[in-house]
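Note: the block below is final.tsv and it holds TSV, C-alpha atoms and all ligand atoms.
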chain	number	residue	atom	x	y	z
X	9	MET	CA	16.17	-4.43	-29.36
X	10	LYS	CA	18.81	-3.99	-26.62
X	11	LYS	CA	18.91	-6.65	-23.93
X	12	ILE	CA	16.58	-5.78	-21.04
X	13	THR	CA	18.61	-5.20	-17.88
X	14	LYS	CA	16.37	-2.92	-15.84
X	15	ALA	CA	13.07	-3.31	-14.04
X	16	VAL	CA	10.75	-0.87	-12.34
X	17	ILE	CA	8.40	-1.99	-9.57
X	18	PRO	CA	5.77	0.63	-8.71
X	19	ALA	CA	4.82	0.19	-5.06
X	20	ALA	CA	3.68	3.65	-3.99
X	21	GLY	CA	-0.09	3.18	-4.25
X	22	LEU	CA	-2.31	3.71	-1.24
X	23	GLY	CA	-3.84	0.24	-1.40
X	24	THR	CA	-7.36	1.26	-0.51
X	25	ARG	CA	-8.65	-2.25	-1.26
X	26	MET	CA	-6.46	-3.53	1.58
X	27	LEU	CA	-7.56	-1.05	4.22
X	28	PRO	CA	-7.21	-0.90	7.13
X	29	ILE	CA	-3.90	-2.85	7.20
X	30	SER	CA	-2.45	-0.84	4.28
X	31	ARG	CA	-2.47	2.33	6.39
X	32	THR	CA	0.49	0.96	8.31
X	33	VAL	CA	1.86	-2.07	6.40
X	34	PRO	CA	2.48	-1.58	2.67
X	35	LYS	CA	0.50	-4.16	0.71
X	36	GLU	CA	3.65	-4.88	-1.33
X	37	ILE	CA	5.36	-6.25	1.78
X	38	LEU	CA	2.47	-8.40	3.03
X	39	PRO	CA	3.65	-11.92	3.75
X	40	ILE	CA	3.11	-15.02	1.71
X	41	VAL	CA	3.59	-17.36	4.67
X	42	ASP	CA	7.01	-16.08	5.76
X	43	ARG	CA	8.33	-14.01	2.85
X	44	PRO	CA	7.11	-10.61	1.74
X	45	SER	CA	5.51	-10.50	-1.67
X	46	MET	CA	8.13	-7.98	-2.80
X	47	GLU	CA	10.81	-10.65	-2.48
X	48	TYR	CA	8.92	-12.74	-5.04
X	49	LEU	CA	8.93	-9.79	-7.44
X	50	VAL	CA	12.63	-9.07	-7.05
X	51	ARG	CA	13.43	-12.77	-7.54
X	52	GLU	CA	11.24	-12.82	-10.65
X	53	ALA	CA	13.13	-9.89	-12.17
X	54	VAL	CA	16.46	-11.52	-11.27
X	55	GLY	CA	15.19	-14.71	-12.91
X	56	ALA	CA	14.86	-12.70	-16.13
X	57	GLY	CA	18.56	-11.75	-15.95
X	58	ILE	CA	17.76	-8.28	-14.60
X	59	LYS	CA	20.19	-6.88	-12.04
X	60	ASP	CA	19.09	-3.24	-11.68
X	61	ILE	CA	15.71	-2.84	-10.07
X	62	LEU	CA	14.03	0.41	-9.09
X	63	ILE	CA	11.22	0.19	-6.56
X	64	ILE	CA	8.95	3.24	-6.51
X	65	THR	CA	7.87	3.82	-2.93
X	66	GLY	CA	6.08	6.52	-0.98
X	67	ARG	CA	5.45	7.65	2.56
X	68	ASN	CA	4.95	4.81	5.06
X	69	LYS	CA	6.64	2.33	2.72
X	70	GLU	CA	10.00	2.17	4.55
X	71	ALA	CA	9.40	-1.49	5.45
X	72	ILE	CA	10.09	-2.39	1.82
X	73	GLU	CA	13.51	-0.72	1.91
X	74	ASN	CA	14.42	-2.21	5.26
X	75	TYR	CA	13.77	-5.73	4.02
X	76	PHE	CA	16.53	-5.51	1.39
X	77	ASP	CA	19.04	-4.13	3.89
X	78	TYR	CA	21.08	-6.04	6.48
X	79	SER	CA	19.56	-6.11	9.94
X	80	ILE	CA	22.71	-5.84	12.04
X	81	GLU	CA	20.93	-6.83	15.24
X	82	TYR	CA	19.67	-10.03	13.60
X	83	LYS	CA	23.10	-10.75	12.15
X	84	ASP	CA	24.68	-10.68	15.61
X	85	VAL	CA	21.95	-12.76	17.21
X	86	LEU	CA	21.88	-15.35	14.43
X	87	GLN	CA	25.66	-15.69	14.60
X	88	ALA	CA	25.56	-16.09	18.38
X	89	LYS	CA	22.84	-18.74	18.09
X	90	ASN	CA	24.65	-20.46	15.22
X	91	LYS	CA	21.57	-20.11	12.98
X	92	GLN	CA	23.64	-20.33	9.80
X	93	LYS	CA	20.72	-21.11	7.49
X	94	GLU	CA	18.76	-18.03	8.53
X	95	LEU	CA	21.88	-15.88	8.31
X	96	ALA	CA	22.71	-17.13	4.80
X	97	ASP	CA	19.10	-16.53	3.80
X	98	MET	CA	19.22	-12.92	4.97
X	99	GLU	CA	22.50	-12.32	3.19
X	100	GLU	CA	21.16	-13.84	-0.01
X	101	VAL	CA	18.03	-11.66	0.01
X	102	CYS	CA	20.16	-8.55	0.53
X	103	SER	CA	22.42	-9.36	-2.40
X	104	LEU	CA	19.89	-10.57	-4.97
X	105	ALA	CA	20.23	-7.47	-7.16
X	106	ASN	CA	21.05	-3.78	-7.13
X	107	VAL	CA	17.80	-2.60	-5.62
X	108	TYR	CA	17.22	1.16	-5.82
X	109	PHE	CA	14.41	3.17	-4.26
X	110	LEU	CA	12.72	6.37	-5.33
X	111	ARG	CA	9.79	8.06	-3.67
X	112	GLN	CA	6.77	9.10	-5.66
X	113	LYS	CA	5.80	12.11	-3.63
X	114	GLU	CA	2.10	11.79	-4.36
X	115	ALA	CA	0.22	8.71	-5.50
X	116	LYS	CA	-0.84	10.21	-8.84
X	117	GLY	CA	-1.30	6.93	-10.64
X	118	LEU	CA	0.64	4.02	-12.09
X	119	GLY	CA	1.60	6.08	-15.17
X	120	HIS	CA	3.03	8.79	-12.94
X	121	ALA	CA	4.96	6.17	-10.93
X	122	VAL	CA	6.52	4.83	-14.14
X	123	LEU	CA	7.37	8.37	-15.28
X	124	CYS	CA	9.33	8.83	-12.03
X	125	ALA	CA	11.68	6.08	-13.33
X	126	GLU	CA	12.74	7.97	-16.46
X	127	GLU	CA	16.26	8.88	-15.34
X	128	PHE	CA	16.90	5.42	-13.96
X	129	VAL	CA	15.77	3.77	-17.18
X	130	GLY	CA	17.42	6.12	-19.71
X	131	ASP	CA	17.19	5.11	-23.35
X	132	GLU	CA	16.56	1.39	-22.87
X	133	PRO	CA	13.65	-1.02	-22.89
X	134	PHE	CA	12.61	-2.03	-19.37
X	135	ALA	CA	10.28	-4.34	-17.50
X	136	VAL	CA	7.49	-3.12	-15.22
X	137	LEU	CA	6.28	-5.45	-12.48
X	138	TYR	CA	3.10	-4.15	-10.84
X	139	GLY	CA	4.03	-4.18	-7.17
X	140	ASP	CA	0.96	-5.95	-5.86
X	141	ASP	CA	0.83	-8.76	-8.43
X	142	VAL	CA	2.77	-11.87	-7.50
X	143	MET	CA	3.35	-14.47	-10.20
X	144	VAL	CA	4.34	-18.06	-9.62
X	145	ALA	CA	5.60	-19.70	-12.80
X	146	GLU	CA	8.09	-22.28	-14.00
X	147	THR	CA	9.72	-19.68	-16.26
X	148	PRO	CA	9.54	-16.28	-14.54
X	149	VAL	CA	6.78	-14.25	-16.20
X	150	THR	CA	9.13	-11.28	-16.66
X	151	LYS	CA	11.56	-13.56	-18.50
X	152	GLN	CA	8.75	-14.78	-20.77
X	153	LEU	CA	7.89	-11.17	-21.65
X	154	CYS	CA	11.51	-10.04	-22.08
X	155	ASP	CA	12.17	-12.92	-24.50
X	156	VAL	CA	9.15	-11.90	-26.59
X	157	ALA	CA	10.13	-8.20	-26.54
X	158	GLU	CA	13.68	-9.00	-27.63
X	159	LYS	CA	12.38	-11.31	-30.39
X	160	TYR	CA	9.87	-8.85	-31.91
X	161	GLY	CA	11.59	-5.56	-30.98
X	162	LYS	CA	8.39	-4.12	-29.54
X	163	ALA	CA	6.80	-3.36	-26.18
X	164	VAL	CA	4.99	-6.37	-24.73
X	165	VAL	CA	2.01	-6.49	-22.41
X	166	GLY	CA	1.34	-9.61	-20.37
X	167	VAL	CA	-2.28	-10.67	-20.82
X	168	CYS	CA	-4.66	-13.31	-19.48
X	169	GLU	CA	-8.04	-14.50	-20.66
X	170	VAL	CA	-10.64	-13.38	-18.12
X	171	PRO	CA	-14.40	-14.05	-18.06
X	172	PHE	CA	-16.24	-11.38	-20.09
X	173	GLU	CA	-18.13	-10.23	-16.99
X	174	ASP	CA	-14.77	-9.32	-15.38
X	175	VAL	CA	-13.28	-7.42	-18.37
X	176	LYS	CA	-14.81	-4.17	-17.03
X	177	LYS	CA	-12.19	-4.19	-14.23
X	178	TYR	CA	-9.25	-4.37	-16.65
X	179	CYS	CA	-7.83	-3.13	-19.94
X	180	SER	CA	-9.23	-5.03	-22.94
X	181	MET	CA	-6.93	-5.67	-25.90
X	182	LYS	CA	-7.74	-5.40	-29.59
X	183	ILE	CA	-6.33	-8.49	-31.22
X	184	GLY	CA	-4.58	-8.19	-34.57
X	185	THR	CA	-2.18	-10.55	-36.33
X	186	GLN	CA	-1.61	-13.74	-34.40
X	187	TYR	CA	2.05	-14.86	-34.33
X	188	ASP	CA	1.49	-18.07	-32.36
X	189	ASP	CA	-0.99	-19.42	-29.81
X	190	ARG	CA	0.24	-17.00	-27.14
X	191	THR	CA	1.39	-13.97	-29.13
X	192	TYR	CA	-0.65	-11.30	-30.93
X	193	LEU	CA	-0.13	-7.83	-32.36
X	194	THR	CA	-2.23	-5.20	-30.61
X	195	THR	CA	-2.97	-1.82	-32.16
X	196	ASP	CA	-5.56	-0.57	-29.67
X	197	MET	CA	-6.90	-1.18	-26.20
X	198	VAL	CA	-9.66	0.13	-23.96
X	199	GLU	CA	-9.40	0.67	-20.21
X	200	LYS	CA	-12.26	-0.65	-18.04
X	201	PRO	CA	-14.89	-0.98	-20.80
X	202	GLN	CA	-18.33	-1.11	-19.19
X	203	THR	CA	-20.38	-2.77	-21.94
X	204	ARG	CA	-19.77	-5.84	-24.12
X	205	GLU	CA	-19.86	-3.56	-27.22
X	206	GLU	CA	-16.99	-1.44	-25.86
X	207	MET	CA	-14.82	-4.50	-25.19
X	208	PHE	CA	-12.30	-5.53	-27.84
X	209	SER	CA	-11.71	-8.98	-26.36
X	210	ASN	CA	-11.47	-10.82	-23.07
X	211	LEU	CA	-7.67	-10.58	-23.11
X	212	ALA	CA	-6.76	-8.21	-20.28
X	213	ILE	CA	-3.45	-6.75	-19.13
X	214	LEU	CA	-2.51	-8.31	-15.84
X	215	GLY	CA	0.55	-7.34	-13.85
X	216	ARG	CA	3.55	-7.31	-16.18
X	217	VAL	CA	4.69	-5.27	-19.18
X	218	VAL	CA	7.92	-4.57	-21.01
X	219	LEU	CA	8.08	-1.01	-22.32
X	220	THR	CA	10.26	0.92	-24.71
X	221	PRO	CA	11.63	4.31	-23.55
X	222	ASP	CA	9.32	6.22	-25.91
X	223	ILE	CA	6.62	5.64	-23.25
X	224	PHE	CA	8.12	8.54	-21.25
X	225	ASP	CA	7.39	11.20	-23.88
X	226	ILE	CA	3.89	9.80	-24.24
X	227	LEU	CA	3.34	9.88	-20.47
X	228	LYS	CA	4.44	13.52	-20.34
X	229	HIS	CA	1.59	14.63	-22.60
X	230	THR	CA	-1.02	12.13	-21.38
X	231	ALA	CA	-3.86	13.82	-19.52
X	232	PRO	CA	-4.95	12.44	-16.15
X	233	GLY	CA	-7.57	9.76	-16.74
X	234	LYS	CA	-9.91	7.76	-14.52
X	235	GLY	CA	-9.84	8.96	-10.89
X	236	GLY	CA	-7.71	11.98	-11.84
X	237	GLU	CA	-4.67	9.65	-12.00
X	238	LEU	CA	-2.10	9.40	-14.78
X	239	GLN	CA	-3.00	6.00	-16.18
X	240	LEU	CA	-0.26	3.81	-17.67
X	241	THR	CA	-2.84	2.15	-19.91
X	242	ASP	CA	-3.70	5.52	-21.53
X	243	ALA	CA	-0.03	5.89	-22.53
X	244	MET	CA	0.24	2.25	-23.63
X	245	LYS	CA	-2.85	2.77	-25.79
X	246	GLU	CA	-1.04	5.54	-27.66
X	247	LEU	CA	2.03	3.32	-28.01
X	248	ALA	CA	-0.19	0.54	-29.39
X	249	ARG	CA	-1.91	2.87	-31.87
X	250	THR	CA	1.32	4.42	-33.14
X	251	LYS	CA	3.87	1.61	-32.98
X	252	GLY	CA	1.91	-1.52	-32.10
X	253	VAL	CA	2.57	-3.58	-29.01
X	254	ILE	CA	2.63	-7.32	-28.53
X	255	SER	CA	0.06	-9.01	-26.31
X	256	TYR	CA	1.53	-12.13	-24.80
X	257	LYS	CA	-0.52	-14.71	-22.90
X	258	TYR	CA	1.98	-15.60	-20.22
X	259	GLU	CA	2.11	-18.89	-18.35
X	260	GLY	CA	1.84	-18.62	-14.60
X	261	ARG	CA	-0.40	-18.31	-11.56
X	262	ARG	CA	-1.19	-14.70	-10.61
X	263	TYR	CA	-2.07	-13.57	-7.11
X	264	ASP	CA	-3.54	-10.10	-6.63
X	265	MET	CA	-1.93	-9.14	-3.32
X	266	GLY	CA	-3.82	-5.85	-3.47
X	267	SER	CA	-7.06	-7.70	-2.76
X	268	LYS	CA	-8.09	-9.60	0.36
X	269	LEU	CA	-9.04	-12.71	-1.59
X	270	GLY	CA	-5.81	-12.74	-3.60
X	271	PHE	CA	-3.76	-12.35	-0.44
X	272	LEU	CA	-5.48	-15.37	1.11
X	273	GLN	CA	-5.18	-17.49	-2.04
X	274	ALA	CA	-1.44	-16.80	-2.20
X	275	ASN	CA	-1.00	-17.76	1.42
X	276	ILE	CA	-3.07	-20.92	1.36
X	277	GLU	CA	-1.59	-22.29	-1.87
X	278	THR	CA	1.96	-21.49	-0.78
X	279	ALA	CA	1.44	-22.88	2.72
X	280	LEU	CA	0.32	-26.21	1.22
X	281	LYS	CA	3.69	-26.50	-0.59
X	282	HIS	CA	5.81	-25.10	2.23
X	283	PRO	CA	8.63	-27.52	3.22
X	284	GLU	CA	8.30	-26.78	6.94
X	285	ILE	CA	4.54	-26.60	7.49
X	286	GLY	CA	3.00	-27.96	4.26
X	287	ASP	CA	1.95	-31.39	5.59
X	288	ALA	CA	0.61	-30.09	8.90
X	289	PHE	CA	-1.26	-27.30	7.16
X	290	LYS	CA	-2.85	-29.72	4.68
X	291	ALA	CA	-4.05	-31.97	7.52
X	292	TYR	CA	-5.48	-28.92	9.30
X	293	LEU	CA	-7.20	-27.67	6.15
X	294	MET	CA	-8.74	-31.07	5.39
X	295	ASP	CA	-10.17	-31.26	8.90
X	296	LEU	CA	-11.46	-27.71	8.63
X	297	CYS	CA	-13.12	-28.45	5.29
X	298	LYS	CA	-15.19	-31.21	6.89
X	299	THR	CA	-16.78	-28.58	9.13
X	300	LEU	CA	-17.68	-26.14	6.34
G	1	LIG	P1	-3.09	-0.35	-8.04
G	1	LIG	O1	-4.05	0.50	-8.76
G	1	LIG	O2	-3.43	-1.80	-7.84
G	1	LIG	O3	-2.73	0.24	-6.60
G	1	LIG	O4	-1.69	-0.19	-8.72
G	1	LIG	P2	-3.52	1.15	-5.59
G	1	LIG	O5	-3.92	2.44	-6.18
G	1	LIG	O6	-2.63	1.18	-4.39
G	1	LIG	O7	-4.78	0.21	-5.27
G	1	LIG	P3	-6.20	0.44	-4.60
G	1	LIG	O8	-7.15	0.36	-5.75
G	1	LIG	O9	-6.19	1.76	-3.87
G	1	LIG	O10	-6.38	-0.72	-3.67
G	1	LIG	C1	-0.79	-1.25	-9.08
G	1	LIG	C2	0.60	-1.00	-8.50
G	1	LIG	O11	1.03	0.33	-8.79
G	1	LIG	C3	1.43	1.01	-7.63
G	1	LIG	C4	0.72	0.31	-6.49
G	1	LIG	O12	1.50	0.43	-5.29
G	1	LIG	C5	0.59	-1.12	-6.97
G	1	LIG	O13	1.68	-1.92	-6.55
G	1	LIG	N1	1.07	2.45	-7.72
G	1	LIG	C6	-0.23	2.83	-7.94
G	1	LIG	C7	2.06	3.41	-7.55
G	1	LIG	O14	3.25	3.08	-7.37
G	1	LIG	N2	1.71	4.73	-7.58
G	1	LIG	C8	0.43	5.14	-7.78
G	1	LIG	O15	0.19	6.35	-7.79
G	1	LIG	C9	-0.57	4.15	-7.97

Re-express the file's structure as structure tokens.
Amino acid sequence: MKKITKAVIPAAGLGTRMLPISRTVPKEILPIVDRPSMEYLVREAVGAGIKDILIITGRNKEAIENYFDYSIEYKDVLQAKNKQKELADMEEVCSLANVYFLRQKEAKGLGHAVLCAEEFVGDEPFAVLYGDDVMVAETPVTKQLCDVAEKYGKAVVGVCEVPFEDVKKYCSMKIGTQYDDRTYLTTDMVEKPQTREEMFSNLAILGRVVLTPDIFDILKHTAPGKGGELQLTDAMKELARTKGVISYKYEGRRYDMGSKLGFLQANIETALKHPEIGDAFKAYLMDLCKTL
């Protein structure tokens, strides 16, 4: 398999689980203390050696674009105030990678968002980072998946073990040949199975995949699925059935920034480690806990 040099970050969804804030602030730019979650995603892709990143946006998502562009007014003020650290930080964020933007004109599903990336991707394997899933890991999760894809020459889906009662929210993987304690061949999957009998396993796709370009032809003939949306999992199911995909249990902490609880978990855990406010926040939290 060719080296993976491109990533697609779908971020055009309406974020109904984060209403009302998502009507005006894209959930993919919500802060984790002082940095938008999208910065974590771009850094993760860069950490996998990826330099070309396409973010799929939509109406009211301009804040994402603006963040990766220089803010001239800040540049002047920071220079005047001799805030060199902040200035260097801004310049670093703006030069992390070649970040491209494309608007999905209607939020017709994650599969449709990925299909919008066809021309950008061309005939190469590519990583997909779900725009509202932030991963904190020693080795960037995208790098873990790219290494596996390049080793086995197949598409890879990042999976986690979830409690059986939660599998109905996710896509459950059929487990075939086991290559090692984290890596399995998958030849089928089922999206949001509602009963234990329908579930293949409690390994669920969460947040990251590496796909081969044949996904685009599959997406073009995939019928809209649940909610009338073009579901990426429906296309990945066909890829699994025809070519096989690898399920890889990645190492890392996942925060679902598309949910209120996930947003808070990301903020609290990051605040506790934050160099500027970590100690003060911990003291505050310990005091607060005594009152709960
Ligand atoms: P989600 O299903 O979590 O996003 O998609 P959503 O539809 O915005 O969520 P809710 O259920 O209404 O709260 C995962 C990622 O795919 C993007 C989203 O922006 C999110 O980052 N997405 C989803 C698109 O880019 N386009 C779509 O049509 C749907």

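Of the listed residues X:Phe134, X:Phe172, X:Tyr82, X:Tyr256, the one whose atoms come nearest to Ile12 in chain X is X:Phe134, with distances taken using all atoms listed in the file.
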
- [ ] Could you pull out the residues sitting within 7 Å of ligand LIG 1 (chain G), using only C-alpha atoms and all ligand atoms, and write them as a list in words?
- [x]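 Every residue with an atom at most 7 Å from ligand LIG 1 (chain G) is listed here: Pro18, Ala19, Ala20, Gly21, Leu22, Gly23, Thr24, Arg25, Met26, Glu36, Ile64, Thr65, Gln112, Glu114, Ala115, Lys116, Gly117, Leu118, His120, Ala121, Tyr138, Gly139, Asp140 and Gly266 of chain X.
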
Open item on the list: Using Å and a single decimal, report how far CA of Leu293 in chain X sits from CA of Ser30 in chain X.
Closed with: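 CA of Leu293 in chain X lies 27.3 Å from CA of Ser30 in chain X.
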
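What separates CA of Asp242 in chain X from CA of Thr230 in chain X is a distance of 7.1 Å.
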
Open item on the list: I'd like the interatomic distance between CA of Leu211 in chain X and CA of Lys176 in chain X, to a tenth of an Å.
Closed with: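 Going from CA of Leu211 in chain X over to CA of Lys176 in chain X, I get 11.4 Å.
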
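Closest approach to Arg190 in chain X from the set X:Leu269, X:Cys168, X:Ala96, X:Val33 is made by X:Cys168, with distances taken over only C-alpha atoms.
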
- [ ] Between X:Cys102, X:Cys154, X:Ala71, X:Val198, single out the one closest to Gly166 in chain X, counting only C-alpha atoms.
- [x]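 Closest candidate: X:Cys154.
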
TODO: Counting only C-alpha atoms, figure out which residue out of X:Lys177, X:Arg216, X:Lys69, X:Lys151 gets nearest to Arg262 in chain X.
DONE: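 Between X:Lys177, X:Arg216, X:Lys69, X:Lys151, the residue approaching Arg262 in chain X most closely is X:Arg216.
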
Six-sided padding of 3 Å per side, axis-aligned box over range 288-295 of chain X, centre and edges in Å, one decimal, as AutoDock Vina command-line options:
--center_x -4.8 --center_y -29.6 --center_z 7.0 --size_x 16.8 --size_y 10.7 --size_z 10.6

Is there a way to get, as a PDB file with C-alpha atoms, keeping the file's coordinate frame, all residues within 9 Å of the point (-8.6, -10.9, -28.1) in file coordinates, counting all atoms listed in the file?
ATOM      1  CA  GLU X 169      -8.040 -14.500 -20.660  1.00  0.00           C
ATOM      2  CA  SER X 180      -9.230  -5.030 -22.940  1.00  0.00           C
ATOM      3  CA  MET X 181      -6.930  -5.670 -25.900  1.00  0.00           C
ATOM      4  CA  LYS X 182      -7.740  -5.400 -29.590  1.00  0.00           C
ATOM      5  CA  ILE X 183      -6.330  -8.490 -31.220  1.00  0.00           C
ATOM      6  CA  GLY X 184      -4.580  -8.190 -34.570  1.00  0.00           C
ATOM      7  CA  TYR X 192      -0.650 -11.300 -30.930  1.00  0.00           C
ATOM      8  CA  THR X 194      -2.230  -5.200 -30.610  1.00  0.00           C
ATOM      9  CA  PHE X 208     -12.300  -5.530 -27.840  1.00  0.00           C
ATOM     10  CA  SER X 209     -11.710  -8.980 -26.360  1.00  0.00           C
ATOM     11  CA  ASN X 210     -11.470 -10.820 -23.070  1.00  0.00           C
ATOM     12  CA  LEU X 211      -7.670 -10.580 -23.110  1.00  0.00           C
ATOM     13  CA  ALA X 212      -6.760  -8.210 -20.280  1.00  0.00           C
TER      14      ALA X 212
END

Open item on the list: With distances taken over all atoms listed in the file, which residue among X:Pro283, X:Gly57, X:Pro232, X:Gly270 lies nearest Lys35 in chain X?
Closed with: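 Checking each of X:Pro283, X:Gly57, X:Pro232, X:Gly270 against Lys35 in chain X, counting all atoms listed in the file, the winner is X:Gly270.
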
Task: Test item: residues at most 10 Å from Gly161 in chain X, all atoms listed in the file, excluding those fewer than 5 positions along its chain, as a list in words - done: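 Here the qualifying residues turn out to be Met9, Lys10, Pro133, Cys154, Asp155, Val156, Thr220, Val253 and Ile254 of chain X.
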
Task: Nearest candidate to Glu47 in chain X (options X:Val101, X:Val107, X:Val217, X:Met143; using only C-alpha atoms) - done: X:Val101

Taking (3.2, -7.4, -16.0) in the file's coordinates as the center, which residues reach within 9 Å of it, counting all atoms listed in the file, put as a CSV table (one decimal) with C-alpha atoms, in the frame of the given file?
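Result file is result_5.csv:
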chain,number,residue,atom,x,y,z
X,135,ALA,CA,10.3,-4.3,-17.5
X,136,VAL,CA,7.5,-3.1,-15.2
X,137,LEU,CA,6.3,-5.4,-12.5
X,138,TYR,CA,3.1,-4.2,-10.8
X,141,ASP,CA,0.8,-8.8,-8.4
X,149,VAL,CA,6.8,-14.2,-16.2
X,150,THR,CA,9.1,-11.3,-16.7
X,153,LEU,CA,7.9,-11.2,-21.6
X,164,VAL,CA,5.0,-6.4,-24.7
X,165,VAL,CA,2.0,-6.5,-22.4
X,166,GLY,CA,1.3,-9.6,-20.4
X,167,VAL,CA,-2.3,-10.7,-20.8
X,213,ILE,CA,-3.4,-6.8,-19.1
X,214,LEU,CA,-2.5,-8.3,-15.8
X,215,GLY,CA,0.6,-7.3,-13.8
X,216,ARG,CA,3.6,-7.3,-16.2
X,217,VAL,CA,4.7,-5.3,-19.2
X,218,VAL,CA,7.9,-4.6,-21.0

Any chance you could model N, CA and C atoms for range 262-276 of chain X and send them as a compact mmCIF listing (two decimals), in the frame of the given file?
# COMPACT_ATOMS: atom_id res chain seq x y z
N ARG X 262 -1.28 -16.08 -11.10
CA ARG X 262 -1.19 -14.70 -10.61
C ARG X 262 -1.98 -14.56 -9.31
N TYR X 263 -1.37 -13.89 -8.35
CA TYR X 263 -2.07 -13.57 -7.11
C TYR X 263 -2.15 -12.06 -6.99
N ASP X 264 -3.36 -11.54 -6.80
CA ASP X 264 -3.54 -10.10 -6.63
C ASP X 264 -3.41 -9.78 -5.14
N MET X 265 -2.20 -9.41 -4.74
CA MET X 265 -1.93 -9.14 -3.32
C MET X 265 -2.56 -7.82 -2.88
N GLY X 266 -3.13 -7.08 -3.82
CA GLY X 266 -3.82 -5.85 -3.47
C GLY X 266 -5.27 -6.10 -3.11
N SER X 267 -5.68 -7.38 -3.13
CA SER X 267 -7.06 -7.70 -2.76
C SER X 267 -7.04 -8.73 -1.64
N LYS X 268 -8.07 -8.69 -0.80
CA LYS X 268 -8.09 -9.60 0.36
C LYS X 268 -8.13 -11.06 -0.09
N LEU X 269 -8.93 -11.33 -1.13
CA LEU X 269 -9.04 -12.71 -1.59
C LEU X 269 -7.71 -13.21 -2.18
N GLY X 270 -7.08 -12.36 -2.98
CA GLY X 270 -5.81 -12.74 -3.60
C GLY X 270 -4.74 -13.01 -2.55
N PHE X 271 -4.72 -12.18 -1.53
CA PHE X 271 -3.76 -12.35 -0.44
C PHE X 271 -3.95 -13.72 0.22
N LEU X 272 -5.21 -14.09 0.46
CA LEU X 272 -5.48 -15.37 1.11
C LEU X 272 -5.15 -16.55 0.19
N GLN X 273 -5.49 -16.40 -1.09
CA GLN X 273 -5.18 -17.49 -2.04
C GLN X 273 -3.68 -17.75 -2.08
N ALA X 274 -2.90 -16.66 -2.16
CA ALA X 274 -1.44 -16.80 -2.20
C ALA X 274 -0.93 -17.52 -0.96
N ASN X 275 -1.48 -17.16 0.17
CA ASN X 275 -1.00 -17.76 1.42
C ASN X 275 -1.39 -19.23 1.54
N ILE X 276 -2.62 -19.53 1.19
CA ILE X 276 -3.07 -20.92 1.36
C ILE X 276 -2.34 -21.85 0.39
